[in-house]
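Chemist: Sending over coords-v7.cif (mmCIF, C-alpha atoms and all ligand atoms).
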```cif
data_my_file
loop_
_atom_site.label_atom_id
_atom_site.label_comp_id
_atom_site.auth_asym_id
_atom_site.auth_seq_id
_atom_site.Cartn_x
_atom_site.Cartn_y
_atom_site.Cartn_z
CA MET A 1059 0.00 0.00 0.00
CA SER A 1060 1.28 3.47 -0.86
CA THR A 1061 2.20 5.67 2.05
CA GLY A 1062 2.23 8.83 -0.04
CA GLY A 1063 -0.42 11.35 1.03
CA VAL A 1064 -3.86 11.75 -0.49
CA PRO A 1065 -4.89 15.24 -1.60
CA PHE A 1066 -8.42 16.43 -0.95
CA LEU A 1067 -8.74 17.40 -4.59
CA ASP A 1068 -6.36 17.21 -7.56
CA LEU A 1069 -6.85 20.21 -9.83
CA VAL A 1070 -3.47 19.94 -11.54
CA THR A 1071 -3.81 16.65 -13.43
CA VAL A 1072 -7.13 17.56 -15.04
CA HIS A 1073 -5.72 20.79 -16.45
CA ARG A 1074 -2.59 19.03 -17.62
CA GLU A 1075 -4.74 16.57 -19.58
CA LEU A 1076 -6.70 19.38 -21.23
CA ARG A 1077 -3.74 21.71 -21.69
CA GLU A 1078 -3.83 21.91 -25.51
CA GLU A 1079 -7.58 22.60 -25.70
CA LEU A 1080 -7.35 25.18 -22.92
CA ARG A 1081 -4.36 26.85 -24.51
CA SER A 1082 -6.36 27.35 -27.68
CA VAL A 1083 -9.13 29.06 -25.67
CA PHE A 1084 -6.58 31.57 -24.36
CA GLU A 1085 -5.06 32.02 -27.83
CA THR A 1086 -8.46 32.73 -29.40
CA ALA A 1087 -9.16 35.36 -26.74
CA LEU A 1088 -5.78 36.99 -27.37
CA ASP A 1089 -6.11 36.81 -31.17
CA THR A 1090 -9.60 38.31 -31.21
CA ALA A 1091 -9.33 40.52 -28.09
CA GLY A 1092 -12.78 39.13 -27.27
CA PHE A 1093 -12.52 39.12 -23.50
CA VAL A 1094 -16.07 39.93 -22.40
CA GLY A 1095 -19.22 38.49 -23.97
CA GLY A 1096 -19.15 37.21 -27.56
CA PRO A 1097 -19.51 33.76 -29.11
CA ALA A 1098 -17.66 31.80 -26.39
CA VAL A 1099 -20.15 33.01 -23.77
CA GLN A 1100 -23.17 32.34 -25.99
CA GLU A 1101 -21.96 28.87 -26.97
CA PHE A 1102 -21.34 27.90 -23.36
CA GLU A 1103 -24.72 29.26 -22.28
CA ARG A 1104 -26.44 27.21 -24.98
CA ASP A 1105 -24.53 24.02 -24.09
CA PHE A 1106 -24.93 24.37 -20.32
CA ALA A 1107 -28.68 25.03 -20.66
CA ALA A 1108 -28.94 21.81 -22.68
CA PHE A 1109 -26.87 19.91 -20.09
CA CYS A 1110 -29.25 21.09 -17.33
CA GLU A 1111 -32.34 20.37 -19.46
CA SER A 1112 -33.28 23.97 -18.98
CA GLN A 1113 -34.33 26.43 -21.66
CA PHE A 1114 -32.05 29.35 -20.81
CA CYS A 1115 -28.66 29.87 -19.23
CA VAL A 1116 -27.18 33.26 -18.36
CA GLY A 1117 -23.46 33.28 -17.58
CA MET A 1118 -22.41 35.23 -14.50
CA ALA A 1119 -19.19 36.31 -12.81
CA SER A 1120 -19.71 33.91 -9.87
CA GLY A 1121 -22.22 31.63 -8.19
CA THR A 1122 -22.89 34.34 -5.63
CA ASP A 1123 -23.84 36.79 -8.39
CA ALA A 1124 -25.98 34.11 -10.00
CA LEU A 1125 -27.95 33.59 -6.78
CA ARG A 1126 -28.27 37.30 -6.04
CA LEU A 1127 -29.36 38.28 -9.55
CA ALA A 1128 -31.72 35.30 -9.86
CA LEU A 1129 -33.46 36.46 -6.66
CA VAL A 1130 -33.73 40.04 -7.91
CA ALA A 1131 -34.84 39.00 -11.40
CA ALA A 1132 -37.48 36.69 -9.94
CA GLY A 1133 -38.99 39.64 -8.07
CA VAL A 1134 -37.66 39.38 -4.51
CA GLN A 1135 -38.02 42.86 -3.04
CA PRO A 1136 -35.97 44.72 -0.45
CA GLY A 1137 -37.40 43.85 2.98
CA ASP A 1138 -38.73 40.42 1.94
CA THR A 1139 -37.82 37.31 3.86
CA VAL A 1140 -36.16 34.43 1.99
CA VAL A 1141 -35.95 31.06 3.67
CA THR A 1142 -33.11 28.57 3.23
CA ALA A 1143 -31.22 25.85 5.12
CA PRO A 1144 -28.60 26.70 7.75
CA LEU A 1145 -26.02 24.12 6.60
CA THR A 1146 -24.65 25.78 3.49
CA PHE A 1147 -21.89 28.09 2.32
CA ILE A 1148 -22.41 31.70 3.39
CA ALA A 1149 -22.85 32.80 -0.23
CA THR A 1150 -26.44 31.49 -0.07
CA THR A 1151 -27.39 33.97 2.65
CA GLU A 1152 -25.08 36.72 1.37
CA ALA A 1153 -27.05 36.65 -1.87
CA ILE A 1154 -30.31 36.97 0.07
CA SER A 1155 -29.02 39.95 2.07
CA GLN A 1156 -27.47 41.58 -1.00
CA ALA A 1157 -30.81 41.32 -2.78
CA GLY A 1158 -32.12 43.44 0.10
CA ALA A 1159 -33.99 40.58 1.77
CA ARG A 1160 -33.58 38.90 5.16
CA PRO A 1161 -32.52 35.30 5.50
CA ASP A 1162 -34.57 32.93 7.59
CA PHE A 1163 -33.95 29.23 8.10
CA VAL A 1164 -35.62 25.86 8.36
CA ASP A 1165 -33.70 22.84 9.60
CA ILE A 1166 -32.26 20.08 7.45
CA ASP A 1167 -33.10 16.40 7.12
CA GLU A 1168 -30.98 14.21 9.43
CA ARG A 1169 -29.74 11.96 6.67
CA THR A 1170 -29.47 14.00 3.48
CA TYR A 1171 -28.43 17.32 5.11
CA THR A 1172 -30.72 19.18 2.71
CA MET A 1173 -33.80 21.26 3.57
CA ASP A 1174 -36.41 19.15 5.33
CA PRO A 1175 -39.81 19.70 3.67
CA VAL A 1176 -41.58 18.64 6.90
CA LYS A 1177 -39.86 21.53 8.67
CA LEU A 1178 -40.55 23.93 5.83
CA HIS A 1179 -44.22 23.03 6.15
CA ALA A 1180 -44.11 23.51 9.94
CA TYR A 1181 -42.34 26.87 9.49
CA LEU A 1182 -44.99 28.14 7.07
CA GLU A 1183 -47.84 26.89 9.25
CA THR A 1184 -46.61 27.87 12.71
CA GLU A 1185 -43.97 30.56 12.34
CA CYS A 1186 -45.79 32.60 9.73
CA ILE A 1187 -49.21 34.17 9.52
CA LEU A 1188 -51.30 34.83 6.46
CA ASN A 1189 -51.80 38.49 5.56
CA PRO A 1190 -55.44 38.48 4.37
CA GLU A 1191 -54.92 41.66 2.33
CA THR A 1192 -51.97 40.46 0.26
CA GLY A 1193 -52.66 36.74 0.54
CA ARG A 1194 -48.98 36.24 1.43
CA VAL A 1195 -47.41 34.55 4.41
CA VAL A 1196 -45.56 36.85 6.79
CA SER A 1197 -42.77 35.66 9.07
CA LYS A 1198 -43.72 36.29 12.71
CA ARG A 1199 -40.03 36.73 13.50
CA THR A 1200 -39.14 39.28 10.83
CA GLY A 1201 -42.59 40.77 10.38
CA ARG A 1202 -41.93 40.68 6.63
CA PRO A 1203 -43.47 38.65 3.80
CA VAL A 1204 -41.80 35.37 2.96
CA THR A 1205 -41.52 35.50 -0.81
CA ALA A 1206 -38.88 32.95 -1.77
CA VAL A 1207 -37.22 29.71 -0.73
CA ILE A 1208 -33.72 28.53 -1.63
CA PRO A 1209 -33.26 24.77 -1.35
CA VAL A 1210 -29.52 24.01 -1.43
CA HIS A 1211 -28.41 20.89 -3.33
CA LEU A 1212 -25.66 20.22 -0.82
CA TYR A 1213 -22.55 18.12 -1.52
CA GLY A 1214 -23.90 17.29 -5.00
CA GLN A 1215 -27.24 15.85 -3.87
CA MET A 1216 -30.52 17.55 -4.72
CA ALA A 1217 -32.98 18.60 -2.04
CA ASP A 1218 -36.35 16.81 -1.92
CA MET A 1219 -37.88 19.05 -4.56
CA ASP A 1220 -41.42 17.66 -5.09
CA PRO A 1221 -42.75 18.61 -1.63
CA ILE A 1222 -40.77 21.87 -1.60
CA LEU A 1223 -42.29 22.88 -4.93
CA GLU A 1224 -45.74 21.86 -3.75
CA LEU A 1225 -45.42 24.02 -0.62
CA ALA A 1226 -44.06 26.87 -2.73
CA THR A 1227 -47.12 26.73 -4.97
CA ARG A 1228 -49.46 26.58 -2.00
CA TYR A 1229 -47.83 29.53 -0.19
CA ASP A 1230 -46.93 31.51 -3.32
CA LEU A 1231 -43.16 31.32 -2.92
CA ILE A 1232 -40.51 31.71 -5.60
CA VAL A 1233 -38.12 28.73 -5.67
CA ILE A 1234 -34.49 29.45 -6.53
CA GLU A 1235 -32.31 26.32 -6.47
CA ASP A 1236 -28.82 26.74 -5.07
CA ALA A 1237 -27.22 24.25 -7.46
CA CYS A 1238 -23.71 25.59 -6.91
CA GLN A 1239 -22.50 22.13 -5.81
CA ALA A 1240 -24.72 19.99 -8.02
CA HIS A 1241 -23.84 20.17 -11.74
CA GLY A 1242 -25.59 17.17 -13.27
CA ALA A 1243 -27.28 15.87 -10.10
CA GLU A 1244 -30.71 14.32 -10.63
CA TYR A 1245 -33.98 13.99 -8.72
CA PHE A 1246 -36.79 11.56 -9.44
CA SER A 1247 -39.98 13.55 -9.38
CA SER A 1248 -42.81 11.22 -8.37
CA LYS A 1249 -45.22 13.92 -9.43
CA GLU A 1250 -43.90 13.91 -12.97
CA ASN A 1251 -42.75 10.29 -12.93
CA ARG A 1252 -39.34 11.19 -14.41
CA TRP A 1253 -35.81 12.15 -13.48
CA ARG A 1254 -35.12 15.89 -13.40
CA LYS A 1255 -31.76 17.65 -13.55
CA ALA A 1256 -30.51 20.13 -10.98
CA GLY A 1257 -31.19 23.59 -12.32
CA SER A 1258 -34.39 22.61 -14.14
CA MET A 1259 -36.93 22.48 -11.31
CA GLY A 1260 -37.11 25.89 -9.62
CA ARG A 1261 -38.16 29.21 -11.14
CA ALA A 1262 -34.41 29.61 -11.60
CA ALA A 1263 -31.20 28.04 -10.33
CA ALA A 1264 -27.71 29.28 -9.57
CA PHE A 1265 -24.50 27.42 -10.39
CA SER A 1266 -20.94 28.18 -9.30
CA PHE A 1267 -17.96 27.35 -11.50
CA TYR A 1268 -15.39 28.06 -8.81
CA PRO A 1269 -12.31 25.98 -9.77
CA GLY A 1270 -12.93 23.13 -7.31
CA LYS A 1271 -16.53 22.51 -8.39
CA ASN A 1272 -17.51 19.48 -10.52
CA LEU A 1273 -17.46 21.92 -13.43
CA GLY A 1274 -14.89 24.56 -12.57
CA ALA A 1275 -13.43 27.54 -14.42
CA CYS A 1276 -9.79 28.64 -14.32
CA GLY A 1277 -10.94 31.54 -12.16
CA GLU A 1278 -14.33 32.79 -11.03
CA ALA A 1279 -17.59 32.11 -12.89
CA GLY A 1280 -21.24 31.18 -12.39
CA ALA A 1281 -24.56 30.89 -14.21
CA VAL A 1282 -28.33 31.12 -13.82
CA THR A 1283 -30.54 28.55 -15.51
CA THR A 1284 -34.28 29.00 -16.00
CA ASP A 1285 -37.21 28.14 -18.26
CA ASP A 1286 -38.60 31.65 -17.79
CA GLU A 1287 -37.60 33.82 -20.74
CA ARG A 1288 -38.40 37.11 -19.00
CA LEU A 1289 -36.38 36.13 -15.98
CA ALA A 1290 -33.45 35.19 -18.25
CA GLN A 1291 -33.69 38.57 -19.99
CA ARG A 1292 -33.73 40.38 -16.65
CA CYS A 1293 -30.66 38.43 -15.56
CA GLN A 1294 -28.91 39.44 -18.78
CA MET A 1295 -29.67 43.08 -18.06
CA LEU A 1296 -28.85 42.92 -14.36
CA ARG A 1297 -25.43 41.35 -14.99
CA ASP A 1298 -24.61 44.11 -17.48
CA HIS A 1299 -25.43 47.40 -15.71
CA GLY A 1300 -29.13 47.17 -16.51
CA GLN A 1301 -28.59 47.76 -20.21
CA SER A 1302 -30.49 46.05 -22.99
CA ARG A 1303 -28.40 47.91 -25.60
CA LYS A 1304 -25.06 49.57 -25.00
CA TYR A 1305 -25.58 52.68 -22.84
CA PHE A 1306 -29.39 52.31 -22.80
CA HIS A 1307 -29.85 51.56 -19.10
CA ASP A 1308 -33.46 50.58 -18.41
CA ILE A 1309 -32.70 49.72 -14.81
CA GLU A 1310 -29.73 49.97 -12.49
CA GLY A 1311 -27.79 46.72 -12.59
CA TYR A 1312 -24.45 45.24 -11.63
CA ASN A 1313 -21.20 44.17 -13.18
CA GLY A 1314 -21.76 40.42 -13.00
CA ARG A 1315 -20.71 39.23 -16.45
CA LEU A 1316 -19.06 35.91 -17.33
CA ASP A 1317 -15.82 36.62 -19.18
CA ALA A 1318 -15.03 34.99 -22.52
CA ILE A 1319 -11.90 33.12 -21.40
CA GLN A 1320 -13.78 31.44 -18.54
CA ALA A 1321 -16.70 30.64 -20.88
CA GLY A 1322 -14.24 29.03 -23.33
CA VAL A 1323 -12.61 27.03 -20.55
CA LEU A 1324 -16.02 25.91 -19.26
CA GLY A 1325 -17.09 24.93 -22.80
CA VAL A 1326 -14.04 22.64 -23.09
CA LYS A 1327 -14.59 21.12 -19.66
CA LEU A 1328 -18.36 20.69 -20.06
CA ARG A 1329 -17.66 18.02 -22.69
CA HIS A 1330 -16.01 15.92 -19.95
CA LEU A 1331 -18.45 16.64 -17.12
CA ALA A 1332 -20.69 13.57 -17.53
CA ARG A 1333 -17.60 11.30 -17.49
CA TRP A 1334 -16.13 13.09 -14.45
CA ASN A 1335 -19.44 12.84 -12.60
CA ALA A 1336 -19.61 9.10 -13.40
CA GLN A 1337 -16.07 8.72 -12.04
CA ARG A 1338 -17.08 10.52 -8.84
CA GLN A 1339 -20.11 8.20 -8.52
CA ASP A 1340 -17.80 5.23 -9.02
CA ARG A 1341 -15.37 6.49 -6.33
CA ALA A 1342 -18.32 7.03 -3.95
CA ARG A 1343 -19.41 3.41 -4.53
CA GLY A 1344 -15.80 2.44 -3.85
CA TYR A 1345 -15.84 4.21 -0.46
CA ASP A 1346 -19.27 2.69 0.35
CA GLU A 1347 -17.93 -0.80 -0.37
CA LEU A 1348 -14.66 -0.32 1.49
CA PHE A 1349 -16.53 0.98 4.53
CA ALA A 1350 -19.25 -1.70 4.30
CA ASP A 1351 -17.66 -4.19 6.67
CA THR A 1352 -16.29 -1.68 9.14
CA GLU A 1353 -17.62 -1.36 12.62
CA GLY A 1354 -20.32 1.25 12.16
CA THR A 1355 -18.43 4.11 13.72
CA VAL A 1356 -18.78 6.13 10.53
CA ILE A 1357 -22.07 7.21 8.97
CA LEU A 1358 -21.87 7.14 5.18
CA PRO A 1359 -23.74 9.44 2.80
CA HIS A 1360 -27.44 8.57 2.58
CA ILE A 1361 -28.83 8.41 -0.92
CA PRO A 1362 -32.64 8.25 -1.09
CA SER A 1363 -34.20 6.30 -3.97
CA TRP A 1364 -35.18 9.62 -5.58
CA SER A 1365 -31.63 10.89 -5.78
CA ARG A 1366 -28.70 10.49 -8.17
CA PRO A 1367 -25.99 12.65 -6.59
CA VAL A 1368 -22.79 13.78 -8.31
CA TYR A 1369 -20.64 13.74 -5.17
CA HIS A 1370 -19.15 17.19 -5.24
CA LEU A 1371 -18.11 16.05 -1.77
CA TYR A 1372 -18.10 12.64 -0.08
CA VAL A 1373 -19.14 13.47 3.47
CA VAL A 1374 -19.12 11.06 6.41
CA ARG A 1375 -20.19 11.65 9.96
CA VAL A 1376 -18.19 10.66 13.02
CA ALA A 1377 -18.43 11.13 16.76
CA GLU A 1378 -14.89 12.39 17.28
CA ARG A 1379 -14.16 14.46 14.24
CA GLU A 1380 -11.19 16.46 15.51
CA ARG A 1381 -9.29 13.35 16.48
CA LEU A 1382 -10.04 11.63 13.15
CA GLN A 1383 -9.09 14.70 11.15
CA LYS A 1384 -5.79 14.91 13.04
CA ASP A 1385 -5.03 11.23 12.51
CA LEU A 1386 -5.77 11.57 8.80
CA ALA A 1387 -3.62 14.69 8.53
CA ALA A 1388 -0.76 12.83 10.27
CA ALA A 1389 -1.03 10.19 7.52
CA GLY A 1390 -0.91 12.91 4.86
CA ILE A 1391 -4.63 12.61 4.03
CA ALA A 1392 -6.34 15.95 3.46
CA THR A 1393 -9.95 16.45 4.53
CA GLY A 1394 -12.42 19.34 4.80
CA ILE A 1395 -15.36 20.40 6.95
CA HIS A 1396 -18.44 21.62 5.10
CA TYR A 1397 -19.42 23.46 7.23
CA PRO A 1398 -18.24 23.82 10.82
CA ILE A 1399 -20.71 26.54 11.83
CA PRO A 1400 -24.34 26.50 10.70
CA LEU A 1401 -25.11 29.95 9.36
CA HIS A 1402 -27.68 30.94 12.00
CA LEU A 1403 -24.81 30.82 14.50
CA ALA A 1404 -22.23 32.62 12.32
CA THR A 1405 -20.91 35.84 13.83
CA ALA A 1406 -22.02 37.65 10.67
CA TYR A 1407 -25.64 36.89 11.58
CA LYS A 1408 -25.51 37.68 15.29
CA THR A 1409 -27.99 40.48 14.77
CA LEU A 1410 -30.60 38.05 13.41
CA GLY A 1411 -31.00 36.80 16.98
CA PHE A 1412 -30.73 33.03 16.54
CA ARG A 1413 -29.45 30.85 19.38
CA PRO A 1414 -27.83 27.45 19.74
CA GLY A 1415 -30.60 24.86 19.68
CA ASP A 1416 -32.73 26.70 17.10
CA PHE A 1417 -31.80 24.23 14.32
CA PRO A 1418 -30.51 21.18 16.22
CA VAL A 1419 -30.14 18.85 13.24
CA ALA A 1420 -27.91 21.30 11.36
CA GLU A 1421 -25.97 22.04 14.55
CA GLN A 1422 -25.28 18.39 15.25
CA ALA A 1423 -24.33 17.68 11.63
CA ALA A 1424 -22.00 20.69 11.56
CA SER A 1425 -20.12 19.25 14.54
CA GLN A 1426 -19.73 15.79 13.01
CA VAL A 1427 -19.42 15.99 9.21
CA LEU A 1428 -16.08 15.33 7.56
CA SER A 1429 -15.41 15.51 3.83
CA LEU A 1430 -13.00 12.83 2.59
CA PRO A 1431 -10.84 13.16 -0.54
CA MET A 1432 -13.08 13.08 -3.64
CA PHE A 1433 -12.19 13.84 -7.24
CA PRO A 1434 -12.51 11.94 -10.54
CA GLY A 1435 -8.89 10.76 -10.61
CA LEU A 1436 -8.87 9.41 -7.03
CA SER A 1437 -7.31 5.91 -7.18
CA LEU A 1438 -8.51 2.76 -5.44
CA GLU A 1439 -5.17 2.60 -3.67
CA GLN A 1440 -5.70 6.13 -2.30
CA GLN A 1441 -9.23 5.23 -1.20
CA GLU A 1442 -7.97 2.11 0.59
CA GLN A 1443 -5.43 4.27 2.37
CA VAL A 1444 -8.14 6.73 3.48
CA VAL A 1445 -10.51 4.01 4.68
CA ALA A 1446 -7.78 2.10 6.54
CA CYS A 1447 -6.82 5.25 8.37
CA VAL A 1448 -10.46 6.16 9.21
CA VAL A 1449 -11.12 2.62 10.49
CA GLU A 1450 -7.97 2.61 12.61
CA SER A 1451 -8.72 6.00 14.15
CA THR A 1452 -12.44 5.43 14.84
CA LYS A 1453 -11.81 1.92 16.18
CA ALA A 1454 -9.56 3.43 18.81
CA THR A 1455 -12.41 5.59 20.13
CA GLY A 1456 -15.01 2.83 19.77
CA LEU A 1457 -17.63 5.57 19.65
CA ARG A 1458 -20.69 4.83 17.59
CA ILE A 1459 -22.60 7.72 16.23
CA GLN A 1460 -26.33 8.01 16.67
CA VAL A 1461 -28.42 9.80 14.12
CA PRO A 1462 -32.04 10.42 15.08
CA GLU A 1463 -34.75 8.88 12.95
CA PRO A 1464 -36.01 11.17 10.20
CA THR A 1465 -39.13 13.14 11.02
CA GLY A 1466 -41.01 11.54 8.13
CA ARG A 1467 -41.85 12.58 4.65
CA TYR A 1468 -44.03 15.58 3.95
CA ARG A 1469 -46.87 14.40 1.76
CA PRO A 1470 -48.76 17.03 -0.14
C1 LIG B 1501 -23.77 26.09 -1.82
C2 LIG B 1501 -23.02 27.23 -2.47
N1 LIG B 1501 -23.71 28.35 -2.77
C3 LIG B 1501 -23.11 29.40 -3.35
C4 LIG B 1501 -21.76 29.37 -3.69
C5 LIG B 1501 -21.13 30.60 -4.28
O1 LIG B 1501 -20.46 30.40 -5.47
P1 LIG B 1501 -19.20 31.32 -5.86
O2 LIG B 1501 -18.07 30.94 -4.97
O3 LIG B 1501 -18.94 30.95 -7.30
O4 LIG B 1501 -19.60 32.73 -5.72
C6 LIG B 1501 -21.02 28.23 -3.43
C7 LIG B 1501 -19.60 28.16 -3.79
O5 LIG B 1501 -18.74 27.79 -3.08
C8 LIG B 1501 -21.67 27.13 -2.78
O6 LIG B 1501 -20.98 26.01 -2.48
#
```
Could you express the structure from this file as C-alpha cells?

Modeler:
Amino acid sequence: MSTGGVPFLDLVTVHRELREELRSVFETALDTAGFVGGPAVQEFERDFAAFCESQFCVGMASGTDALRLALVAAGVQPGDTVVTAPLTFIATTEAISQAGARPDFVDIDERTYTMDPVKLHAYLETECILNPETGRVVSKRTGRPVTAVIPVHLYGQMADMDPILELATRYDLIVIEDACQAHGAEYFSSKENRWRKAGSMGRAAAFSFYPGKNLGACGEAGAVTTDDERLAQRCQMLRDHGQSRKYFHDIEGYNGRLDAIQAGVLGVKLRHLARWNAQRQDRARGYDELFADTEGTVILPHIPSWSRPVYHLYVVRVAERERLQKDLAAAGIATGIHYPIPLHLATAYKTLGFRPGDFPVAEQAASQVLSLPMFPGLSLEQQEQVVACVVESTKATGLRIQVPEPTGRYRP
C-alpha cells in the first residue's frame, strides 16, 4: 500500500490533460481581443442550458452573483424574507441579504443534510401568519413577507424538490435552487414520474464554477438557468449594468458578467463533465464498499431512492471528528469540513438573533461531518489508504454515532 499522502482534490492533473484545448481558448481570446461576452459566452450558455435540461442559461461572474441576480430578477423585493437551510456556504445567505432581503432558516433532514420539507411546512404553518390583504405569508419573526425559498443541493445531492415545490405553490413562494455544488445531479420527481436535472426544477437556479466545483473555471464564474424567458432577460440586463443595448440603461444593474476566457474554458470542460461525474459516482461506490464491513463508527452518505448525486463532496459523519481529522492529517490525508458553523450561529448573523438549539439537526451535523478526498482521478489505492486510516482512528475511540430517525416525509 502506498504511504504517499492523499490530496483532498487534484486540480493539476485535469488541467494538464486538457492543456492543448485550454491553450487554444486563451489564444483565441488573445487573437480576437474578445474578453467579455461574444460567441464563447453564448456557446457555453447554450450548451450548459442543454446539459441542465433547462431552456435558458445566463453566464455570471460567480455563483454568488448568480444567486443574487436570480433572486432580484425573480422579483424578490428589499425587505422580503427568503428562507433557506442553515447548513450551506455563506454565499447562499449573502445573496439573500445583497438582494435586500432577510434570510430565515428551516432545519435540514438528518440523513441527506438538505432542507427538510416537513420543517418547511411547519415553518410556514406555525412561524408565519397569512396576511389576508396580500394573501402572502408573513414571518412572525421578521414581520416581513416570505416570498422565496432557496433549497440548497448540498454536496452534490438535490434537495427533496417535489414537496418543496408543492409548498411553494401553495404559499406563493418563488423557488431558486442553489445548485452551486450539483452540476448534473438528478432527482426523481414522483409527481412527474421522471428524473429531473438540478437547475431545471425551480423558477431559476444558480451554479458556481469556482475551480474546485464538478465543473470549474480557471478563475471565477457562475450561471443562472431557468425556463422563464423574462427572468433570463432580466438576468442578462442585471449582470450588465441594466442595459439592454449599449448605454441604454433601463434599470440599475451590476457588473456580473461571465468573461469569454472562462466561458471558453467551461465549454471545453463541459464536454467531460458527464464522465467526471460518473467517475465521482464510481469512487463514492468504492468508499461505500470499502466501509461496508467496518464497525459502524462512521455514517456514510445517505442516498434516497429519488436521488442520483454527483458527489461534489463525499461526506461522512463521526463522533470524534477532531481526532479523526488529526489522525488523517498525520497520515498525509487531506480532509475538509463543510461546514463547521451553521449559518444561523455565524458571527455575521448575530444580529438576526438566533441561538444554539434553534436548528438542532444542522448544529449536530455541523459538529460531526467530515469531507473525505473526492475527485474523478482518485485511485482505489488512495481510497484504501483513506478508509484504513479512518477505520484505525475510529476503532480506537469505539464511539458509535447516533443519528435520530427522520421526522417523516411531507406528503402534499
Ligand atoms: C452552496 C453554495 N452556494 C453558493 C456558492 C457561491 O459560489 P461562488 O463561490 O462561485 O460565488 C457556493 C460556492 O462555493 C456554494 O458552495

Chemist: Considering only C-alpha atoms, state which residue in the set A:Glu1101, A:Ala1256, A:Ala1420, A:Gln1291 is at the smallest distance from A:Thr1146.

Modeler: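 The shortest atom-to-atom distance to A:Thr1146 comes from A:Ala1420.
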
Chemist: Ligand LIG 1501 (chain B): which residues are within 10 Å, counting only C-alpha atoms and all ligand atoms, as a ChimeraX atom specification?

Modeler: /A:1118-1126,1145-1153,1209-1214,1235-1240,1264-1271,1274-1275,1277-1281,1370,1396

Chemist: Got time to write the residues from that selection, C-alpha atoms, as an mmCIF file, in the frame of the given file?

Modeler:
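Writing the result to again11.cif gives the following:
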```
data_model
loop_
_atom_site.group_PDB
_atom_site.id
_atom_site.type_symbol
_atom_site.label_atom_id
_atom_site.label_comp_id
_atom_site.auth_asym_id
_atom_site.auth_seq_id
_atom_site.Cartn_x
_atom_site.Cartn_y
_atom_site.Cartn_z
ATOM 1 C CA MET A 1118 -22.410 35.230 -14.500
ATOM 2 C CA ALA A 1119 -19.190 36.310 -12.810
ATOM 3 C CA SER A 1120 -19.710 33.910 -9.870
ATOM 4 C CA GLY A 1121 -22.220 31.630 -8.190
ATOM 5 C CA THR A 1122 -22.890 34.340 -5.630
ATOM 6 C CA ASP A 1123 -23.840 36.790 -8.390
ATOM 7 C CA ALA A 1124 -25.980 34.110 -10.000
ATOM 8 C CA LEU A 1125 -27.950 33.590 -6.780
ATOM 9 C CA ARG A 1126 -28.270 37.300 -6.040
ATOM 10 C CA LEU A 1145 -26.020 24.120 6.600
ATOM 11 C CA THR A 1146 -24.650 25.780 3.490
ATOM 12 C CA PHE A 1147 -21.890 28.090 2.320
ATOM 13 C CA ILE A 1148 -22.410 31.700 3.390
ATOM 14 C CA ALA A 1149 -22.850 32.800 -0.230
ATOM 15 C CA THR A 1150 -26.440 31.490 -0.070
ATOM 16 C CA THR A 1151 -27.390 33.970 2.650
ATOM 17 C CA GLU A 1152 -25.080 36.720 1.370
ATOM 18 C CA ALA A 1153 -27.050 36.650 -1.870
ATOM 19 C CA PRO A 1209 -33.260 24.770 -1.350
ATOM 20 C CA VAL A 1210 -29.520 24.010 -1.430
ATOM 21 C CA HIS A 1211 -28.410 20.890 -3.330
ATOM 22 C CA LEU A 1212 -25.660 20.220 -0.820
ATOM 23 C CA TYR A 1213 -22.550 18.120 -1.520
ATOM 24 C CA GLY A 1214 -23.900 17.290 -5.000
ATOM 25 C CA GLU A 1235 -32.310 26.320 -6.470
ATOM 26 C CA ASP A 1236 -28.820 26.740 -5.070
ATOM 27 C CA ALA A 1237 -27.220 24.250 -7.460
ATOM 28 C CA CYS A 1238 -23.710 25.590 -6.910
ATOM 29 C CA GLN A 1239 -22.500 22.130 -5.810
ATOM 30 C CA ALA A 1240 -24.720 19.990 -8.020
ATOM 31 C CA ALA A 1264 -27.710 29.280 -9.570
ATOM 32 C CA PHE A 1265 -24.500 27.420 -10.390
ATOM 33 C CA SER A 1266 -20.940 28.180 -9.300
ATOM 34 C CA PHE A 1267 -17.960 27.350 -11.500
ATOM 35 C CA TYR A 1268 -15.390 28.060 -8.810
ATOM 36 C CA PRO A 1269 -12.310 25.980 -9.770
ATOM 37 C CA GLY A 1270 -12.930 23.130 -7.310
ATOM 38 C CA LYS A 1271 -16.530 22.510 -8.390
ATOM 39 C CA GLY A 1274 -14.890 24.560 -12.570
ATOM 40 C CA ALA A 1275 -13.430 27.540 -14.420
ATOM 41 C CA GLY A 1277 -10.940 31.540 -12.160
ATOM 42 C CA GLU A 1278 -14.330 32.790 -11.030
ATOM 43 C CA ALA A 1279 -17.590 32.110 -12.890
ATOM 44 C CA GLY A 1280 -21.240 31.180 -12.390
ATOM 45 C CA ALA A 1281 -24.560 30.890 -14.210
ATOM 46 C CA HIS A 1370 -19.150 17.190 -5.240
ATOM 47 C CA HIS A 1396 -18.440 21.620 5.100
#
```

Chemist: Please report, as lines of an AutoDock Vina configuration file, the centre and edge lengths in Å to one decimal of an axis-aligned box covering all listed atoms of stretch 1417-1429 of chain A with 3 Å per side.

Modeler:
```
center_x = -23.6
center_y = 19.8
center_z = 10.0
size_x = 22.4
size_y = 14.9
size_z = 18.4
```

Chemist: Check the smallest atom-to-atom distance from each of A:Ile1232, A:Met1432, A:Val1444, A:Val1419 to A:Ile1166 using only C-alpha atoms, then report the winner.

Modeler: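 When distances to A:Ile1166 are compared using only C-alpha atoms, the smallest one comes from A:Val1419.
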
Chemist: Taking all atoms listed in the file into account, name the residue in A:Leu1178, A:Arg1467, A:Trp1364, A:Gln1294 that is nearest to A:Asn1251.

Modeler: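 The answer is A:Trp1364, which sits nearest to A:Asn1251.
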
Chemist: Between A:Val1141, A:Ala1332, A:Ala1180, A:Leu1223, which is the closest to A:Val1204 once you count all atoms listed in the file?

Modeler: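 Of all the options, A:Val1141 lies closest to A:Val1204.
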
Chemist: Name the closest residue to A:Asp1105 among the candidates A:Ala1217, A:Val1196, A:Ala1321, A:Val1373; distances are taken between atoms, counting only C-alpha atoms.

Modeler: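 Between A:Ala1217, A:Val1196, A:Ala1321, A:Val1373, the residue approaching A:Asp1105 most closely is A:Ala1321.
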
Chemist: Rounded to one decimal in Å, what is the spacing between atom CA of A:Phe1163 and atom CA of A:Phe1412?

Modeler: 9.8 Å

Chemist: Identify which of the residues A:Gly1394, A:Gly1133, A:Pro1431, A:Gly1193 lies closest to A:Leu1289, counting only C-alpha atoms when measuring atom-to-atom distances.

Modeler: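 Of all the options, A:Gly1133 lies closest to A:Leu1289.
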